[in-house]
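Structure data (CSV, C-alpha atoms) from work_26.csv:
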chain,number,residue,atom,x,y,z
O,1,MET,CA,115.4,196.2,107.5
O,2,THR,CA,112.7,193.7,108.4
O,3,ILE,CA,112.0,192.4,111.9
O,4,ALA,CA,113.3,189.0,110.8
O,5,GLN,CA,116.5,190.5,109.6
O,6,SER,CA,116.9,192.5,112.7
O,7,LEU,CA,116.3,189.4,114.9
O,8,ARG,CA,118.8,187.3,112.8
O,9,GLY,CA,121.4,190.0,113.3
O,10,MET,CA,120.9,190.1,117.0
O,11,LEU,CA,121.2,186.3,117.2
O,12,VAL,CA,124.4,186.3,115.2
O,13,GLY,CA,125.8,189.0,117.4
O,14,ALA,CA,124.8,187.1,120.5
O,15,SER,CA,126.4,183.9,119.2
O,16,LEU,CA,129.6,185.7,118.3
O,17,LEU,CA,129.8,187.3,121.8
O,18,THR,CA,129.2,183.9,123.4
O,19,THR,CA,132.0,182.4,121.4
O,20,ILE,CA,134.4,185.1,122.3
O,21,MET,CA,133.5,184.9,126.0
O,22,THR,CA,133.7,181.1,126.0
O,23,GLY,CA,137.1,181.2,124.3
O,24,SER,CA,138.3,183.9,126.7
O,25,ALA,CA,137.1,181.9,129.7
O,26,LEU,CA,138.7,178.7,128.4
O,27,ALA,CA,142.0,180.4,127.9
O,28,GLN,CA,141.9,181.7,131.5
O,29,THR,CA,141.0,178.3,133.1
O,30,TYR,CA,143.1,176.0,130.9
O,31,PRO,CA,144.7,173.8,132.0
O,32,SER,CA,142.9,172.5,135.1
O,33,LYS,CA,144.3,169.0,135.2
O,34,PRO,CA,147.5,167.1,134.1
O,35,ILE,CA,148.3,166.9,130.4
O,36,SER,CA,149.5,163.8,128.5
O,37,LEU,CA,152.4,164.2,126.1
O,38,VAL,CA,152.4,160.9,124.1
O,39,VAL,CA,155.8,159.7,122.8
O,40,PRO,CA,155.8,157.0,120.1
O,41,PHE,CA,159.0,155.4,121.2
O,42,ALA,CA,160.7,153.8,124.2
O,43,ALA,CA,161.6,155.5,127.4
O,44,GLY,CA,165.2,156.7,127.3
O,45,GLY,CA,165.3,157.0,123.5
O,46,PRO,CA,166.1,160.3,121.8
O,47,THR,CA,162.5,161.5,121.3
O,48,ASP,CA,161.6,160.5,124.9
O,49,VAL,CA,164.6,162.5,126.3
O,50,LEU,CA,163.5,165.6,124.4
O,51,ALA,CA,159.9,165.1,125.5
O,52,ARG,CA,160.9,164.8,129.2
O,53,THR,CA,163.2,167.8,129.0
O,54,LEU,CA,160.4,169.9,127.6
O,55,ALA,CA,157.7,168.5,129.9
O,56,ALA,CA,159.6,169.5,133.1
O,57,SER,CA,159.8,173.1,132.0
O,58,MET,CA,156.3,173.2,130.6
O,59,THR,CA,154.9,171.9,133.9
O,60,LYS,CA,156.2,175.1,135.5
O,61,SER,CA,154.8,177.3,132.8
O,62,LEU,CA,151.3,175.7,132.6
O,63,GLY,CA,150.9,175.1,136.4
O,64,GLN,CA,149.8,171.5,135.7
O,65,THR,CA,151.9,168.4,135.3
O,66,VAL,CA,152.8,167.4,131.7
O,67,VAL,CA,153.0,163.6,131.9
O,68,VAL,CA,155.1,161.8,129.3
O,69,GLU,CA,153.3,158.7,128.1
O,70,ASN,CA,155.2,156.1,126.0
O,71,ARG,CA,153.0,154.3,123.5
O,72,LEU,CA,155.1,152.0,121.3
O,73,GLY,CA,154.4,150.2,118.1
O,74,ALA,CA,154.3,150.3,114.3
O,75,GLY,CA,156.9,153.0,113.8
O,76,GLY,CA,155.0,155.5,115.8
O,77,THR,CA,151.7,155.0,114.2
O,78,VAL,CA,150.2,153.5,117.4
O,79,ALA,CA,150.8,156.6,119.4
O,80,ALA,CA,149.7,158.9,116.5
O,81,GLY,CA,146.4,156.9,116.3
O,82,VAL,CA,145.8,157.2,120.0
O,83,VAL,CA,146.2,161.0,119.9
O,84,ALA,CA,144.1,161.3,116.7
O,85,LYS,CA,141.2,159.6,118.4
O,86,ALA,CA,141.6,161.4,121.8
O,87,ALA,CA,139.2,164.0,122.9
O,88,PRO,CA,140.1,167.4,121.5
O,89,ASP,CA,140.1,169.1,124.9
O,90,GLY,CA,143.8,170.1,125.2
O,91,TYR,CA,144.8,167.3,127.6
O,92,THR,CA,146.4,164.9,125.0
O,93,PHE,CA,149.3,165.9,122.7
O,94,LEU,CA,151.7,164.0,120.5
O,95,ILE,CA,155.4,164.6,120.0
O,96,HIS,CA,156.7,162.9,116.9
O,97,HIS,CA,159.6,163.1,114.5
O,98,ASN,CA,160.1,162.5,110.7
O,99,GLY,CA,157.9,159.4,111.1
O,100,MET,CA,154.8,161.5,110.7
O,101,ALA,CA,156.0,162.4,107.2
O,102,THR,CA,157.0,158.8,106.2
O,103,ALA,CA,153.9,157.0,107.6
O,104,PRO,CA,151.6,157.8,104.6
O,105,THR,CA,154.1,155.9,102.3
O,106,LEU,CA,155.2,153.2,104.6
O,107,TYR,CA,151.8,152.2,105.9
O,108,ARG,CA,149.1,151.7,103.3
O,109,LYS,CA,146.2,151.4,105.7
O,110,LEU,CA,146.7,154.0,108.4
O,111,PRO,CA,143.8,154.5,110.8
O,112,PHE,CA,144.3,158.3,110.5
O,113,ASP,CA,145.3,161.0,108.0
O,114,VAL,CA,148.5,162.8,109.1
O,115,LEU,CA,147.4,166.0,107.3
O,116,THR,CA,143.7,166.2,108.3
O,117,ASP,CA,143.3,164.4,111.6
O,118,PHE,CA,145.5,166.6,113.8
O,119,SER,CA,145.8,170.2,114.9
O,120,TYR,CA,149.3,171.6,114.8
O,121,VAL,CA,151.2,173.2,117.7
O,122,SER,CA,154.9,173.7,116.9
O,123,LEU,CA,158.2,172.6,115.5
O,124,LEU,CA,160.7,172.0,118.3
O,125,ALA,CA,164.3,170.9,117.6
O,126,ASP,CA,166.5,169.3,114.9
O,127,VAL,CA,168.7,166.4,116.0
O,128,PRO,CA,171.6,165.5,113.8
O,129,MET,CA,172.5,161.9,113.1
O,130,THR,CA,175.8,160.1,113.2
O,131,PHE,CA,176.9,157.1,111.3
O,132,LEU,CA,178.8,154.6,113.4
O,133,GLY,CA,180.7,151.3,113.2
O,134,SER,CA,181.6,148.7,115.8
O,135,LYS,CA,185.1,148.8,117.1
O,136,LYS,CA,185.5,145.3,115.6
O,137,PHE,CA,184.3,146.4,112.1
O,138,PRO,CA,187.3,146.7,109.7
O,139,PRO,CA,186.7,150.1,108.0
O,140,ASN,CA,188.2,153.1,109.9
O,141,ASN,CA,186.8,156.0,108.0
O,142,MET,CA,184.0,156.7,105.5
O,143,ALA,CA,186.2,156.2,102.4
O,144,GLU,CA,187.3,152.8,103.6
O,145,PHE,CA,183.7,152.0,104.5
O,146,ILE,CA,182.4,152.8,101.0
O,147,GLN,CA,185.1,150.6,99.5
O,148,TYR,CA,184.3,147.8,102.0
O,149,ALA,CA,180.6,148.0,101.5
O,150,LYS,CA,180.8,147.7,97.7
O,151,ALA,CA,182.9,144.6,98.1
O,152,ASN,CA,180.9,143.0,100.9
O,153,GLY,CA,177.3,144.2,100.5
O,154,ASP,CA,174.8,142.2,102.4
O,155,LYS,CA,177.4,140.6,104.6
O,156,ILE,CA,177.3,143.9,106.6
O,157,ASN,CA,174.8,144.0,109.4
O,158,LEU,CA,172.9,147.3,109.8
O,159,ALA,CA,170.9,147.9,112.9
O,160,ASN,CA,167.7,150.0,113.1
O,161,ALA,CA,164.8,150.6,115.4
O,162,GLY,CA,162.2,149.2,112.9
O,163,LEU,CA,160.3,150.3,109.9
O,164,GLY,CA,159.7,154.0,109.9
O,165,ALA,CA,162.3,154.8,112.5
O,166,VAL,CA,164.8,157.4,111.5
O,167,SER,CA,167.6,155.0,111.9
O,168,GLN,CA,166.0,152.8,109.3
O,169,LEU,CA,165.4,155.8,106.9
O,170,CYS,CA,169.1,156.8,107.3
O,171,GLY,CA,170.1,153.2,106.4
O,172,THR,CA,167.8,153.3,103.4
O,173,LEU,CA,169.5,156.5,102.1
O,174,LEU,CA,172.9,155.1,102.7
O,175,GLN,CA,172.2,152.0,100.7
O,176,GLN,CA,170.8,154.1,97.9
O,177,ALA,CA,173.7,156.5,97.9
O,178,ILE,CA,176.4,153.8,97.9
O,179,GLY,CA,174.5,151.5,95.5
O,180,THR,CA,174.6,148.4,97.6
O,181,GLY,CA,172.4,146.5,100.1
O,182,PHE,CA,173.1,145.7,103.7
O,183,THR,CA,171.4,143.1,105.9
O,184,SER,CA,169.0,145.1,108.1
O,185,ILE,CA,168.3,143.9,111.6
O,186,PRO,CA,165.4,145.6,113.4
O,187,TYR,CA,165.5,146.2,117.2
O,188,SER,CA,162.9,147.4,119.6
O,189,GLY,CA,164.8,150.7,119.8
O,190,THR,CA,168.2,152.2,119.1
O,191,GLY,CA,169.1,151.6,122.8
O,192,PRO,CA,169.3,147.8,122.4
O,193,ALA,CA,170.9,148.3,119.0
O,194,MET,CA,173.6,150.4,120.5
O,195,THR,CA,174.3,147.7,123.1
O,196,ALA,CA,174.7,145.2,120.3
O,197,LEU,CA,177.0,147.5,118.4
O,198,LEU,CA,179.2,148.1,121.4
O,199,GLY,CA,179.3,144.3,121.9
O,200,GLY,CA,180.4,143.7,118.3
O,201,GLN,CA,177.2,141.7,117.4
O,202,LEU,CA,176.4,144.4,114.8
O,203,ASP,CA,178.5,146.3,112.3
O,204,ILE,CA,176.9,149.7,111.7
O,205,LEU,CA,174.2,152.0,113.0
O,206,CYS,CA,172.7,155.4,112.1
O,207,ASP,CA,171.5,157.1,115.2
O,208,GLN,CA,170.8,160.5,116.7
O,209,THR,CA,173.4,162.5,118.7
O,210,THR,CA,171.1,162.5,121.7
O,211,GLN,CA,172.0,158.8,122.0
O,212,THR,CA,175.5,158.5,120.4
O,213,LEU,CA,177.5,161.4,121.8
O,214,PRO,CA,178.5,159.7,125.0
O,215,GLN,CA,179.7,156.6,123.2
O,216,ILE,CA,181.6,158.7,120.6
O,217,LYS,CA,183.3,160.8,123.2
O,218,ALA,CA,184.2,157.7,125.2
O,219,ASP,CA,185.8,156.2,122.0
O,220,LYS,CA,183.6,153.1,122.2
O,221,VAL,CA,182.6,153.2,118.6
O,222,LYS,CA,184.0,154.2,115.2
O,223,LEU,CA,182.5,157.5,113.9
O,224,TYR,CA,182.4,157.6,110.2
O,225,GLY,CA,180.6,160.9,109.9
O,226,VAL,CA,177.6,163.1,110.6
O,227,THR,CA,174.5,163.3,108.4
O,228,THR,CA,174.1,167.1,108.4
O,229,LYS,CA,174.9,169.6,105.6
O,230,ASN,CA,177.6,171.2,107.8
O,231,ARG,CA,179.9,169.9,110.5
O,232,LEU,CA,178.6,169.9,114.1
O,233,ALA,CA,179.9,172.2,116.9
O,234,SER,CA,179.6,169.2,119.2
O,235,LEU,CA,181.8,167.1,116.9
O,236,PRO,CA,183.9,169.6,115.0
O,237,ASP,CA,186.4,166.9,113.7
O,238,ALA,CA,183.7,164.6,112.3
O,239,PRO,CA,183.3,165.0,108.5
O,240,THR,CA,179.9,165.1,107.0
O,241,LEU,CA,178.9,162.1,104.8
O,242,ALA,CA,178.7,164.5,101.9
O,243,GLU,CA,182.3,165.5,102.4
O,244,SER,CA,183.3,161.9,102.5
O,245,GLY,CA,181.9,161.1,99.0
O,246,LEU,CA,178.1,160.8,99.4
O,247,LYS,CA,177.1,163.9,97.5
O,248,ASP,CA,174.1,165.8,98.9
O,249,PHE,CA,173.6,163.3,101.7
O,250,GLU,CA,171.6,164.9,104.5
O,251,ILE,CA,169.1,163.8,107.1
O,252,VAL,CA,168.2,165.4,110.4
O,253,VAL,CA,165.6,164.3,112.9
O,254,TRP,CA,163.0,167.1,113.3
O,255,HIS,CA,160.3,167.0,116.0
O,256,GLY,CA,156.9,168.6,116.2
O,257,ILE,CA,154.0,168.6,118.6
O,258,TYR,CA,150.4,167.8,117.5
O,259,ALA,CA,146.9,167.7,119.1
O,260,PRO,CA,143.7,166.0,118.0
O,261,LYS,CA,141.8,167.7,115.3
O,262,GLY,CA,139.3,170.2,116.7
O,263,THR,CA,141.3,171.2,119.7
O,264,PRO,CA,140.2,174.8,120.5
O,265,PRO,CA,142.5,177.5,119.1
O,266,GLU,CA,142.7,179.1,122.5
O,267,VAL,CA,144.1,175.9,123.9
O,268,ILE,CA,146.5,175.5,121.0
O,269,ALA,CA,147.7,179.0,121.6
O,270,ARG,CA,148.2,178.4,125.4
O,271,PHE,CA,150.1,175.2,124.8
O,272,ASN,CA,152.2,176.8,122.1
O,273,GLN,CA,153.2,179.6,124.4
O,274,ALA,CA,154.3,177.0,127.0
O,275,VAL,CA,156.4,175.3,124.3
O,276,LYS,CA,158.0,178.7,123.4
O,277,ASP,CA,158.7,179.4,127.1
O,278,ALA,CA,160.3,176.0,127.5
O,279,LEU,CA,162.5,176.5,124.5
O,280,LYS,CA,163.8,179.8,126.1
O,281,ASP,CA,164.4,178.1,129.4
O,282,PRO,CA,168.2,178.1,130.1
O,283,ALA,CA,168.1,174.6,131.5
O,284,VAL,CA,166.3,173.3,128.4
O,285,ILE,CA,168.6,175.1,126.1
O,286,GLN,CA,171.6,173.7,127.9
O,287,LYS,CA,170.2,170.1,127.9
O,288,ILE,CA,169.3,170.3,124.2
O,289,GLN,CA,172.8,171.6,123.4
O,290,ASP,CA,174.4,168.8,125.4
O,291,LEU,CA,172.4,166.4,123.3
O,292,GLY,CA,173.9,167.9,120.1
O,293,ALA,CA,170.4,169.1,119.1
O,294,VAL,CA,169.5,172.5,117.7
O,295,ILE,CA,166.3,174.4,118.7
O,296,VAL,CA,164.4,175.7,115.7
O,297,PRO,CA,164.2,179.5,115.3
O,298,GLU,CA,161.3,181.1,117.1
O,299,SER,CA,159.7,182.0,113.8
O,300,GLN,CA,159.2,178.2,113.3
O,301,GLN,CA,157.7,177.6,116.7
O,302,ASN,CA,154.1,177.8,115.6
O,303,PRO,CA,151.3,175.7,114.0
O,304,ALA,CA,151.6,177.1,110.5
O,305,ALA,CA,155.4,176.3,110.3
O,306,LEU,CA,154.8,172.7,111.5
O,307,GLN,CA,152.0,172.2,109.0
O,308,ALA,CA,154.0,173.5,106.1
O,309,TRP,CA,157.1,171.5,107.0
O,310,LEU,CA,155.2,168.3,107.4
O,311,LYS,CA,153.7,168.7,103.9
O,312,SER,CA,157.2,169.4,102.4
O,313,GLU,CA,158.7,166.3,104.2
O,314,ILE,CA,155.9,164.1,102.9
O,315,GLY,CA,156.8,165.3,99.4
O,316,LYS,CA,160.5,164.6,100.0
O,317,TRP,CA,160.3,161.1,101.6
O,318,GLY,CA,157.4,159.6,99.6
O,319,PRO,CA,159.3,159.2,96.3
O,320,LEU,CA,162.5,158.0,98.0
O,321,LEU,CA,160.7,155.3,100.0
O,322,LYS,CA,158.7,154.1,97.0
O,323,ALA,CA,161.8,153.9,94.9
O,324,ALA,CA,163.4,151.7,97.7
O,325,GLY,CA,160.3,149.5,97.8
O,326,GLN,CA,159.7,150.3,101.5
O,327,TYR,CA,156.3,149.3,102.7
O,328,ALA,CA,154.9,147.9,105.9
O,329,ASP,CA,152.6,145.4,104.2

Have the structure of the file written as structure tokens, please.
Amino acid sequence: MTIAQSLRGMLVGASLLTTIMTGSALAQTYPSKPISLVVPFAAGGPTDVLARTLAASMTKSLGQTVVVENRLGAGGTVAAGVVAKAAPDGYTFLIHHNGMATAPTLYRKLPFDVLTDFSYVSLLADVPMTFLGSKKFPPNNMAEFIQYAKANGDKINLANAGLGAVSQLCGTLLQQAIGTGFTSIPYSGTGPAMTALLGGQLDILCDQTTQTLPQIKADKVKLYGVTTKNRLASLPDAPTLAESGLKDFEIVVWHGIYAPKGTPPEVIARFNQAVKDALKDPAVIQKIQDLGAVIVPESQQNPAALQAWLKSEIGKWGPLLKAAGQYAD
């Protein structure tokens, strides 16, 4: 071995040791200040409720406050863009749902790439959806609704929370499955849409159980069915839409946490552990169950599972949205 080779080996070894020591030190000192968890939707909405439930528990685990920050706009792409451009230091994270998978199709000029501009943290929970009608709307069950929809088509008002919202995706699937079109009316969120539905200004709405269970249990809306493959424990008497004639109809709202690309692995691992701790917290488990949501298995609470799931969902939704002609511009 030459002197140059020996020196090169020493330098590589020293560099590796420095990296290991730096990573270890970072893992021990992180976090040292409050952390922002960015939510793409309005306060009080389903994703916001999940975020705040997790944040309260993670604050205890991390020893620093996890602050929920609502950044609305463009179907969640505003919030995603903010996080994609944030410093990769472990103090800014994004919680998002299916919208991360639909954005590449819906928005032709995204300021970020969903697959390459983020680091992945974890899948979180699946939230079922319910299909509802106003108490003033004539159909009383799904069979009656399908018959009514085929006869009345675009006279039916369907509410959603805007392009890319899961309520809008659900509506798109419904129209494709039934073979008719409705008149879609976008709202700033499903909260205002629910208010309009309760008041009879709207006919139908697809929304998550996190928002709809109280209205269903209070008998203030007509429940036509749930969008899951199987019936829900929280609504055991509600048929699935597949049972009611829409073969293979299924949509659930999945959630994941992301960080800016380049966030140190040690930080991702620390934050991921806080997520896992929160999902084992009895208070969090009870809250999520009360919302009708289902925590993903621990084997999916990791970066690799989220990355693989996002890729598969892009492959699922892209062709469906293109076939429906759904674009933001």

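For Leu246 of chain O, the non-local neighbours within 12 Å, defined as residues at least 6 positions apart in the same chain or in other chains and counting all atoms listed in the file, are Met142, Ala143, Phe145, Ile146, Leu173, Leu174, Gln175, Gln176, Ala177, Ile178, Gly179, Gly225, Val226, Thr227, Thr228, Lys229, Pro239 and Thr240 of chain O.
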
Using Å and a single decimal, report how far atom CA of Phe182 of chain O sits from atom CA of Tyr148 of chain O.
11.5 Å

Taking a cut-off of 12 Å and counting only C-alpha atoms, can you build a table that, for each residue of segment 88-167 of chain O near segment 199-211 of chain O, reports the nearest atom pair and how far apart they are in Å (one decimal), sorted by chain then residue number, as a Markdown table?
| residue | atom | partner | partner_atom | distance |
| --- | --- | --- | --- | --- |
| O:His97 | CA | O:Gln208 | CA | 11.7 |
| O:Ala125 | CA | O:Thr210 | CA | 11.6 |
| O:Asp126 | CA | O:Gln208 | CA | 10.0 |
| O:Val127 | CA | O:Gln208 | CA | 6.3 |
| O:Pro128 | CA | O:Gln208 | CA | 5.8 |
| O:Met129 | CA | O:Gln208 | CA | 4.2 |
| O:Thr130 | CA | O:Asp207 | CA | 5.6 |
| O:Phe131 | CA | O:Cys206 | CA | 4.6 |
| O:Leu132 | CA | O:Leu205 | CA | 5.3 |
| O:Gly133 | CA | O:Ile204 | CA | 4.4 |
| O:Ser134 | CA | O:Asp203 | CA | 5.3 |
| O:Lys135 | CA | O:Gly200 | CA | 7.0 |
| O:Lys136 | CA | O:Gly200 | CA | 6.0 |
| O:Phe137 | CA | O:Asp203 | CA | 5.8 |
| O:Pro138 | CA | O:Asp203 | CA | 9.2 |
| O:Pro139 | CA | O:Asp203 | CA | 10.0 |
| O:Asn140 | CA | O:Ile204 | CA | 11.9 |
| O:Met142 | CA | O:Ile204 | CA | 11.7 |
| O:Phe145 | CA | O:Ile204 | CA | 10.2 |
| O:Tyr148 | CA | O:Asp203 | CA | 11.9 |
| O:Ala149 | CA | O:Ile204 | CA | 11.0 |
| O:Asp154 | CA | O:Asp203 | CA | 11.3 |
| O:Lys155 | CA | O:Asp203 | CA | 9.6 |
| O:Ile156 | CA | O:Asp203 | CA | 6.3 |
| O:Asn157 | CA | O:Asp203 | CA | 5.2 |
| O:Leu158 | CA | O:Ile204 | CA | 5.0 |
| O:Ala159 | CA | O:Leu205 | CA | 5.3 |
| O:Asn160 | CA | O:Leu205 | CA | 6.8 |
| O:Ala161 | CA | O:Asp207 | CA | 9.3 |
| O:Ala165 | CA | O:Asp207 | CA | 9.9 |
| O:Val166 | CA | O:Asp207 | CA | 7.7 |
| O:Ser167 | CA | O:Cys206 | CA | 5.1 |

Set out as a tab-separated table a contact list for segment 32-82 of chain O and segment 286-290 of chain O with a cut-off of 12 Å, giving each residue of segment 32-82 of chain O that qualifies its closest atom pair and distance in Å to one decimal, counting all atoms listed in the file, ordered by chain and rising residue number.
residue	atom	partner	partner_atom	distance
O:Pro46	CA	O:Ile288	CA	10.8
O:Thr47	CA	O:Ile288	CA	11.5
O:Val49	CA	O:Ile288	CA	9.3
O:Leu50	CA	O:Ile288	CA	7.5
O:Ala51	CA	O:Ile288	CA	10.8
O:Arg52	CA	O:Lys287	CA	10.8
O:Thr53	CA	O:Lys287	CA	7.4
O:Leu54	CA	O:Ile288	CA	9.5
O:Ala56	CA	O:Lys287	CA	11.8
O:Ser57	CA	O:Lys287	CA	11.6

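Atom CA of Glu250 of chain O is found 18.1 Å from atom CA of Thr180 of chain O.
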
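For the pair atom CA of Trp254 of chain O and atom CA of Asn98 of chain O, the separation is 6.0 Å.
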
Taking into account all atoms listed in the file, which residue in the set O:Ser188, O:Ala87, O:Glu144, O:Ala274 is nearest to Gly73 of chain O?
O:Ser188

Extract, using all atoms listed in the file, all DNA, RNA and protein residues at most 8 Å from Asp89 of chain O, discarding same-chain residues fewer than 4 positions from it, and format them as a VMD selection string.
chain O and resid 263 to 264 267

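Minimum atom-to-atom distance to His255 of chain O, evaluated using all atoms listed in the file, belongs to O:Ile95 out of O:Ile95, O:Leu110, O:Ala42, O:Ala55.
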
Best match for closeness to Leu235 of chain O among O:Lys222, O:Lys247, O:Lys217, O:Lys33, counting only C-alpha atoms
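Residue with the minimum atom-to-atom distance to Leu235 of chain O: O:Lys217.
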
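Within 12 Å of the point (152.9, 148.3, 112.6), and counting all atoms listed in the file, the protein, DNA and RNA residues are Pro40, Leu72, Gly73, Ala74, Gly75, Gly76, Thr77, Val78, Ala79, Ala80, Gly81, Ala103, Leu106, Tyr107, Arg108, Lys109, Leu110, Pro111, Gly162, Leu163, Gly164, Ala165, Tyr327, Ala328 and Asp329 of chain O.
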
With distances taken over all atoms listed in the file, which residue among O:Thr102, O:Gln300, O:Ser184, O:Thr92 lies nearest Lys261 of chain O?
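Checking each of O:Thr102, O:Gln300, O:Ser184, O:Thr92 against Lys261 of chain O, counting all atoms listed in the file, the winner is O:Thr92.
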
Determine, counting all atoms listed in the file, which protein, DNA and RNA residues have an atom within 10 Å of an atom of Gln273 of chain O; residues of the same chain fewer than 3 positions away are not included. Present the result as an NGL selection string.
:O and (58 or 61-62 or 121-122 or 267-270 or 276-279 or 301-302)

O:Leu124, O:Val275, O:Glu243, O:Leu291 ranked by distance to Ala305 of chain O, top pick (using all atoms listed in the file):
O:Leu124

For segment 115-117 of chain O, list every protein, DNA or RNA residue within 12 Å, evaluated using only C-alpha atoms, and leave out those in the same chain fewer than 4 positions away; present the list as a PyMOL selection string.
chain O and resi 80-86+88+100-101+103-104+110-111+258-263+306-314

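Closest approach to Tyr120 of chain O among O:Val39, O:Ala193, O:Leu94, O:Ala283: O:Leu94, based on all atoms listed in the file.
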
Residue list as number ranges by chain for point (158.9, 160.5, 130.6), cut-off 7 Å, all atoms listed in the file:
O: 43, 48, 51-52, 67-69
